[in-house]
$ cat query31.txt   # compact mmCIF, C-alpha atoms
# COMPACT_ATOMS: atom_id res chain seq x y z
CA MET A 1 45.04 124.75 143.41
CA LYS A 2 42.04 122.52 144.13
CA TYR A 3 41.72 121.44 147.75
CA PRO A 4 39.46 118.40 148.29
CA LYS A 5 36.99 118.23 151.14
CA PHE A 6 38.53 117.29 154.48
CA ILE A 7 37.06 114.37 156.40
CA LYS A 8 35.02 114.35 159.59
CA GLN A 9 34.02 111.67 162.06
CA GLY A 10 31.71 109.14 160.47
CA ASP A 11 33.21 109.59 157.01
CA THR A 12 34.58 106.68 155.00
CA ILE A 13 38.24 106.26 154.13
CA GLY A 14 38.81 104.18 151.02
CA ILE A 15 41.95 102.05 151.02
CA CYS A 16 43.66 100.69 147.92
CA ALA A 17 46.95 98.94 147.12
CA PRO A 18 48.42 100.46 143.94
CA SER A 19 51.85 99.13 144.96
CA SER A 20 52.23 96.17 147.36
CA GLY A 21 49.57 94.33 149.33
CA VAL A 22 49.68 94.14 153.13
CA GLY A 23 49.33 90.37 153.47
CA LYS A 24 52.85 89.89 154.84
CA PHE A 25 52.11 92.15 157.81
CA VAL A 26 48.35 91.81 158.01
CA GLN A 27 48.15 91.73 161.83
CA LYS A 28 49.84 95.12 162.11
CA PHE A 29 47.55 96.41 159.35
CA LYS A 30 44.49 95.14 161.22
CA ARG A 31 45.55 97.13 164.30
CA SER A 32 45.89 100.20 162.13
CA ILE A 33 42.39 99.74 160.71
CA ASP A 34 41.00 99.16 164.20
CA ASN A 35 42.56 102.44 165.32
CA LEU A 36 41.12 104.32 162.34
CA HIS A 37 37.71 102.98 163.40
CA THR A 38 38.38 104.08 166.98
CA TYR A 39 39.16 107.57 165.68
CA GLY A 40 35.62 107.64 164.30
CA TYR A 41 36.09 106.70 160.63
CA GLN A 42 34.67 103.92 158.52
CA THR A 43 36.91 102.13 156.03
CA LYS A 44 36.34 100.44 152.69
CA GLU A 45 39.10 98.29 151.17
CA THR A 46 39.53 97.33 147.54
CA ALA A 47 39.99 93.67 146.70
CA SER A 48 43.78 93.63 146.41
CA VAL A 49 44.67 95.36 149.70
CA ARG A 50 45.32 92.22 151.78
CA ASN A 51 47.09 90.26 149.06
CA GLU A 52 50.60 89.09 149.96
CA SER A 53 52.03 89.72 146.52
CA GLU A 54 54.35 92.52 145.46
CA PRO A 55 52.76 94.14 143.54
CA SER A 56 49.32 93.47 144.95
CA ASN A 57 47.82 92.67 141.53
CA SER A 58 48.22 93.42 137.83
CA SER A 59 48.81 97.05 136.85
CA ILE A 60 45.38 97.26 135.20
CA ILE A 61 43.55 95.95 138.27
CA ARG A 62 45.50 98.19 140.66
CA ALA A 63 44.69 101.25 138.55
CA LYS A 64 41.01 100.27 138.37
CA GLU A 65 40.88 99.97 142.16
CA VAL A 66 42.19 103.52 142.54
CA GLU A 67 39.52 104.72 140.11
CA GLU A 68 36.90 102.64 141.91
CA LEU A 69 37.47 104.65 145.09
CA LEU A 70 37.53 107.97 143.23
CA LEU A 71 34.15 107.18 141.65
CA ASP A 72 32.59 105.80 144.84
CA LYS A 73 30.35 108.55 146.27
CA ASP A 74 30.46 106.89 149.70
CA VAL A 75 34.26 107.28 149.92
CA ASP A 76 35.36 110.63 151.32
CA MET A 77 39.13 110.21 151.28
CA ILE A 78 41.66 107.70 149.93
CA MET A 79 44.61 106.15 151.75
CA VAL A 80 47.19 103.98 150.06
CA ALA A 81 47.60 100.77 152.05
CA THR A 82 51.40 100.56 151.98
CA GLY A 83 54.45 101.28 149.89
CA GLY A 84 56.48 98.96 147.68
CA ASP A 85 58.29 99.18 144.36
CA PHE A 86 55.76 98.80 141.57
CA LEU A 87 53.29 101.70 141.59
CA PHE A 88 55.13 103.19 138.60
CA ASP A 89 53.60 100.65 136.20
CA ILE A 90 49.97 101.68 136.85
CA LEU A 91 50.44 105.24 135.58
CA PRO A 92 49.59 104.51 131.91
CA CYS A 93 46.47 102.65 133.09
CA LEU A 94 44.94 105.54 135.04
CA ASN A 95 42.23 107.66 133.40
CA PRO A 96 43.09 111.35 133.93
CA SER A 97 39.49 112.43 133.44
CA ILE A 98 38.37 110.32 136.42
CA ILE A 99 41.07 111.89 138.61
CA GLN A 100 40.20 115.43 137.53
CA ALA A 101 36.43 115.00 137.83
CA ASN A 102 36.53 113.41 141.29
CA PRO A 103 39.02 115.31 143.46
CA LYS A 104 39.50 113.62 146.83
CA TRP A 105 42.31 113.79 149.33
CA ILE A 106 44.76 110.98 148.63
CA ILE A 107 47.44 110.26 151.22
CA GLY A 108 50.41 107.95 150.90
CA ALA A 109 54.11 107.71 151.60
CA SER A 110 57.16 106.22 149.86
CA ASP A 111 56.22 104.45 146.57
CA PRO A 112 52.79 106.22 146.50
CA THR A 113 54.78 109.35 145.58
CA GLY A 114 54.29 108.02 142.06
CA LEU A 115 50.54 108.62 142.43
CA VAL A 116 50.20 111.76 144.55
CA TYR A 117 53.00 113.76 142.91
CA PRO A 118 51.59 113.61 139.34
CA ILE A 119 48.08 114.33 140.61
CA THR A 120 49.28 117.59 142.17
CA THR A 121 51.78 118.70 139.52
CA LYS A 122 49.73 117.73 136.44
CA TYR A 123 46.13 118.14 137.59
CA ASP A 124 46.46 120.88 140.24
CA ILE A 125 44.80 118.80 142.97
CA ALA A 126 46.38 118.94 146.42
CA THR A 127 47.52 115.64 147.96
CA LEU A 128 49.01 114.49 151.27
CA TYR A 129 52.32 112.81 152.04
CA GLY A 130 53.43 111.20 155.27
CA GLU A 131 51.46 108.08 156.19
CA ASN A 132 49.96 104.99 154.60
CA ALA A 133 46.83 103.27 155.90
CA GLY A 134 48.96 100.65 157.63
CA ASP A 135 50.84 103.23 159.72
CA TYR A 136 48.21 103.94 162.40
CA TYR A 137 48.92 100.80 164.47
CA ALA A 138 50.51 102.34 167.58
CA THR A 139 48.62 102.68 170.88
CA PRO A 140 48.54 105.17 172.47
CA THR A 141 48.53 107.46 169.45
CA PRO A 142 51.99 109.04 168.96
CA ASP A 143 52.24 112.83 168.90
CA TYR A 144 53.15 112.99 165.20
CA LEU A 145 50.03 110.99 164.30
CA GLU A 146 47.93 113.36 166.40
CA GLY A 147 49.17 116.10 164.08
CA ASN A 148 48.42 114.00 161.03
CA LEU A 149 44.89 113.22 162.20
CA ALA A 150 44.27 116.91 162.85
CA ILE A 151 45.31 117.79 159.31
CA LEU A 152 43.06 115.08 157.82
CA LYS A 153 40.15 116.96 159.41
CA GLY A 154 41.30 120.33 158.08
CA ASN A 155 42.90 121.57 161.29
CA LEU A 156 46.16 122.87 159.86
CA VAL A 157 48.18 122.78 163.05
CA VAL A 158 51.68 124.25 163.12
CA GLN A 159 54.07 121.31 162.94
CA HIS A 160 57.40 121.61 164.73
CA ASN A 161 60.60 119.62 164.70
CA TYR A 162 60.69 116.87 167.32
CA PRO A 163 63.56 116.93 169.88
CA ARG A 164 63.59 113.12 170.10
CA ARG A 165 63.21 110.34 167.55
CA MET A 166 63.13 106.55 167.32
CA GLU A 167 66.49 105.15 166.26
CA GLN A 168 65.15 101.79 165.05
CA LEU A 169 63.09 101.87 161.86
CA PRO A 170 59.34 101.46 162.38
CA PHE A 171 59.17 98.41 160.07
CA PHE A 172 61.08 96.39 162.67
CA ARG A 173 58.97 96.98 165.78
CA ASP A 174 55.33 97.24 166.82
CA ASP A 175 55.55 100.25 169.13
CA ILE A 176 56.84 103.80 168.89
CA VAL A 177 59.54 104.78 171.39
CA TYR A 178 61.68 107.90 171.08
CA ASP A 179 65.16 106.90 172.22
CA LYS A 180 67.56 109.29 170.51
CA ASP A 181 68.05 113.06 170.43
CA SER A 182 67.22 114.70 167.11
CA ILE A 183 68.20 118.03 165.61
CA TRP A 184 67.43 119.49 162.22
CA LYS A 185 70.55 120.72 160.44
CA SER A 186 70.82 123.41 157.81
CA THR A 187 73.14 125.22 155.43
CA SER A 188 71.67 128.48 156.79
CA ASN A 189 71.41 129.61 160.41
CA THR A 190 67.98 131.13 159.79
CA ILE A 191 65.35 130.45 157.12
CA ASN A 192 62.04 132.32 157.00
CA VAL A 193 60.26 131.77 153.69
CA GLU A 194 56.87 131.07 152.17
CA GLY A 195 56.32 129.07 148.99
CA ARG A 196 54.30 126.39 147.24
CA CYS A 197 55.07 122.97 148.75
CA ILE A 198 55.86 119.92 146.62
CA GLY A 199 57.96 116.78 146.99
CA GLY A 200 57.94 113.14 148.00
CA CYS A 201 60.21 110.10 148.08
CA ILE A 202 63.25 111.04 146.00
CA ASP A 203 63.87 107.39 145.11
CA VAL A 204 60.56 107.55 143.20
CA LEU A 205 60.80 111.10 141.91
CA LYS A 206 64.03 110.32 140.04
CA ASP A 207 62.11 107.75 137.96
CA LEU A 208 59.42 110.30 137.04
CA ILE A 209 61.86 112.85 135.62
CA GLY A 210 61.15 113.48 131.95
CA THR A 211 58.24 111.01 131.68
CA PRO A 212 54.70 111.98 130.60
CA TYR A 213 53.77 111.82 134.32
CA ASP A 214 56.23 114.52 135.33
CA GLY A 215 54.32 117.80 135.60
CA THR A 216 57.07 119.60 137.50
CA LEU A 217 58.01 122.34 135.05
CA GLU A 218 54.37 123.23 134.38
CA PHE A 219 53.73 123.32 138.13
CA ILE A 220 56.72 125.60 138.70
CA GLU A 221 55.60 127.95 135.93
CA ARG A 222 52.02 128.00 137.19
CA TYR A 223 53.19 129.09 140.63
CA ARG A 224 56.23 131.10 139.60
CA ASN A 225 55.13 134.09 141.69
CA ASP A 226 54.86 131.90 144.81
CA GLY A 227 58.17 130.11 144.52
CA ILE A 228 58.67 126.50 145.58
CA ILE A 229 59.59 124.80 148.85
CA TRP A 230 60.71 121.25 148.11
CA TYR A 231 60.84 118.30 150.51
CA PHE A 232 62.60 115.00 149.83
CA ASP A 233 62.28 111.67 151.64
CA ASN A 234 65.31 109.47 150.90
CA PHE A 235 64.56 105.80 151.46
CA ALA A 236 67.72 104.03 150.32
CA MET A 237 69.53 106.12 147.71
CA ASN A 238 73.25 106.11 148.46
CA SER A 239 75.05 109.42 148.87
CA GLU A 240 76.51 109.40 145.37
CA ALA A 241 73.13 108.67 143.76
CA LEU A 242 71.53 111.40 145.87
CA TYR A 243 74.19 113.87 144.69
CA ARG A 244 73.64 112.96 141.02
CA THR A 245 69.86 113.04 141.36
CA LEU A 246 69.86 116.48 142.97
CA LEU A 247 72.08 117.72 140.13
CA GLN A 248 69.79 116.10 137.56
CA MET A 249 66.80 117.89 139.06
CA LYS A 250 68.76 121.13 139.06
CA TYR A 251 69.78 120.69 135.42
CA MET A 252 66.13 119.96 134.50
CA GLY A 253 65.08 123.32 135.97
CA TRP A 254 63.27 121.94 139.00
CA PHE A 255 64.97 124.39 141.37
CA GLN A 256 64.71 127.58 139.31
CA THR A 257 62.23 129.28 141.71
CA THR A 258 63.13 127.33 144.84
CA LYS A 259 63.11 129.18 148.15
CA ALA A 260 64.20 126.26 150.36
CA ILE A 261 64.60 122.48 150.36
CA ILE A 262 63.85 120.13 153.29
CA ILE A 263 65.47 116.69 153.25
CA GLY A 264 64.50 113.98 155.71
CA ARG A 265 66.71 111.44 157.44
CA THR A 266 67.93 108.68 155.13
CA CYS A 267 66.37 105.34 155.99
CA PHE A 268 69.14 103.01 154.76
CA GLU A 269 72.47 104.82 154.44
CA SER A 270 75.32 103.72 152.16
CA ASN A 271 78.04 105.08 149.89
CA SER A 272 80.55 103.78 147.38
CA THR A 273 83.24 106.49 147.52
CA GLY A 274 83.16 107.77 151.10
CA LEU A 275 80.99 110.76 150.18
CA SER A 276 78.82 111.76 153.14
CA TYR A 277 75.16 112.66 152.73
CA GLU A 278 75.89 116.06 154.21
CA ASP A 279 78.57 116.79 151.61
CA ALA A 280 76.39 115.45 148.80
CA ILE A 281 73.65 117.90 149.77
CA LYS A 282 75.97 120.86 150.28
CA HIS A 283 77.86 120.32 147.01
CA ALA A 284 74.74 119.80 144.87
CA LEU A 285 72.70 122.65 146.35
CA GLN A 286 75.24 125.37 147.08
CA ASP A 287 72.95 128.27 146.17
CA ILE A 288 69.75 127.13 147.94
CA PRO A 289 68.91 127.13 151.68
CA VAL A 290 68.65 123.48 152.71
CA ILE A 291 67.40 121.81 155.88
CA TYR A 292 68.43 118.17 156.32
CA ASP A 293 68.01 115.36 158.85
CA ALA A 294 64.43 116.61 159.15
CA ASP A 295 61.41 114.74 160.54
CA ILE A 296 60.15 113.80 157.09
CA GLY A 297 60.01 110.37 155.51
CA HIS A 298 60.34 106.76 156.59
CA THR A 299 61.72 107.34 160.10
CA VAL A 300 59.62 108.51 163.05
CA PRO A 301 58.45 110.95 164.12
CA ARG A 302 57.47 112.51 160.80
CA ILE A 303 55.57 115.55 159.63
CA THR A 304 52.59 115.43 157.27
CA MET A 305 53.17 117.42 154.09
CA ILE A 306 50.50 118.95 151.83
CA ASN A 307 51.52 118.89 148.18
CA GLY A 308 50.28 122.00 146.40
CA ALA A 309 49.60 124.10 149.50
CA MET A 310 51.47 127.23 150.49
CA LEU A 311 53.97 126.56 153.25
CA HIS A 312 55.43 129.03 155.70
CA LEU A 313 58.74 127.57 156.84
CA TYR A 314 60.69 129.00 159.75
CA TYR A 315 64.02 127.58 160.89
CA GLU A 316 66.58 128.85 163.38
CA ASP A 317 69.44 127.00 165.07
CA GLY A 318 68.02 123.50 164.77
CA LYS A 319 64.39 124.34 165.49
CA ALA A 320 61.68 124.57 162.85
CA ALA A 321 58.00 125.37 162.40
CA LEU A 322 55.87 124.52 159.36
CA GLN A 323 52.47 126.14 158.75
CA PHE A 324 50.41 125.18 155.71
CA ILE A 325 48.07 127.70 154.12
CA LEU A 326 45.40 126.74 151.59
CA LYS A 327 45.36 129.41 148.91

$ encode --input "query31.txt" --output "structure tokens"
Amino acid sequence: MKYPKFIKQGDTIGICAPSSGVGKFVQKFKRSIDNLHTYGYQTKETASVRNESEPSNSSIIRAKEVEELLLDKDVDMIMVATGGDFLFDILPCLNPSIIQANPKWIIGASDPTGLVYPITTKYDIATLYGENAGDYYATPTPDYLEGNLAILKGNLVVQHNYPRRMEQLPFFRDDIVYDKDSIWKSTSNTINVEGRCIGGCIDVLKDLIGTPYDGTLEFIERYRNDGIIWYFDNFAMNSEALYRTLLQMKYMGWFQTTKAIIIGRTCFESNSTGLSYEDAIKHALQDIPVIYDADIGHTVPRITMINGAMLHLYYEDGKAALQFILK
């Protein structure tokens, strides 16, 4: 596994918009950029970042802007500006040789799964999942972002479950306030495993299955001796679709060396038959230790995940600790 160089104060973060532009919430984005500057980083945005359109530009232009930041020697790390629905269509436009020859940390969340997941599974370059460039707007800095900022600098802090969470989704407010108790649930009372970490937004991963951009089976075989710890962020998949998707992944062989699966809180819950998310998970994954309602994904607080790194996962009676190891 190739681990890019971590950033330090004074370094430049390149920001691109391979999915949507941030024009519809540009004031919030500006606060995020201001905070990144306050943290000691410079930023460089590609031309499409502040466009209002969804997607931010044509697939060819969006792909070229990703490559532009990879090739730019003054850019030390890349953040995706925001999520969306259309990153999938840039994949044929990306030049794999540019990605492989210029390894840099790329961080994104939600639709950017379509970029970071293939980079790790196909090209063996570690990537980050958890935040987009527009997610650093809150002042003072929330505790979960303190952990994220530490990891961006290479300080691989132990990340724990949070006892409280924000009930309202972060898209709908400008501050971060924890107002509801939170507990991680599991199909096992105790989990203590180590394995290679991989995952992302399951709404996006389901579209990658079986395409030329799905490097999952090769990744699993490459790290067969390590085993896999999966994490899934469910944005809006209903419980029935989640059940079928987990079975599809299982039938494809994605879980053949799996040691544990972590599933975050669902952002927009729904069902068509009365099936609960808990039952969907338990029925689809009967033979695998699963943690669910975890602090991963679109709700806050949320943990930063390192695709491709080794992960030591400890869970007991609703409490968890995650320690990433670069080897």

$ closest_residue --input "query31.txt" --among "A:Tyr137, A:Phe232, A:Phe88, A:Tyr243" --to "A:Ala280" --atoms "only C-alpha atoms"
A:Tyr243

$ closest_residue --input "query31.txt" --among "A:Glu278, A:Asp207, A:Glu194, A:Asp85" --to "A:Pro55" --atoms "only C-alpha atoms"
A:Asp85

$ closest_residue --input "query31.txt" --among "A:Gln256, A:Gln323, A:Asn307, A:Gln9" --to "A:Glu221" --atoms "only C-alpha atoms"
A:Gln256

$ closest_residue --input "query31.txt" --among "A:Ala150, A:Pro212, A:Asp295, A:Leu313" --to "A:Pro163" --atoms "all atoms listed in the file"
A:Asp295

$ atom_distance --input "query31.txt" --atom1 "atom CA of A:Thr273" --atom2 "atom CA of A:Leu247"
17.5 Å

$ closest_residue --input "query31.txt" --among "A:Ile151, A:Ile125, A:Ile7, A:Met77" --to "A:Phe219" --atoms "all atoms listed in the file"
A:Ile125

$ atom_distance --input "query31.txt" --atom1 "atom CA of A:Ala284" --atom2 "atom CA of A:Val116"
25.8 Å

$ residues_around --input "query31.txt" --residues "stretch 274-276 of chain A" --least-positions-apart "2" --cutoff "12 Å" --atoms "all atoms listed in the file" --output "PyMOL selection string"
chain A and resi 238-244+266+269-272+278-283

$ atom_distance --input "query31.txt" --atom1 "atom CA of A:Ile90" --atom2 "atom CA of A:Arg302"
27.3 Å

$ residues_around --input "query31.txt" --residues "A:Asn35" --least-positions-apart "4" --cutoff "12 Å" --atoms "all atoms listed in the file" --output "JSON, numbers by chain"
{"A": [28, 29, 30, 31, 39, 40, 41, 42, 43, 133, 134, 135, 136, 137, 138, 139, 140, 141, 145, 149]}

$ residues_near_point --input "query31.txt" --point "(64.6, 121.7, 154.8)" --cutoff "8 Å" --atoms "all atoms listed in the file" --output "PyMOL selection string"
chain A and resi 186+230-231+260-264+289-292+294

$ closest_residue --input "query31.txt" --among "A:Glu52, A:Asp72, A:Asp111, A:Asp317" --to "A:Leu208" --atoms "only C-alpha atoms"
A:Asp111

$ residues_around --input "query31.txt" --residues "A:Ile229" --least-positions-apart "3" --cutoff "7 Å" --atoms "only C-alpha atoms" --output "PyMOL selection string"
chain A and resi 195-198+258-261

$ residues_around --input "query31.txt" --residues "A:Ser19" --least-positions-apart "4" --cutoff "9 Å" --atoms "all atoms listed in the file" --output "MDAnalysis selection string"
chainID A and resid 54:57 59 62 80:88 90 111:112
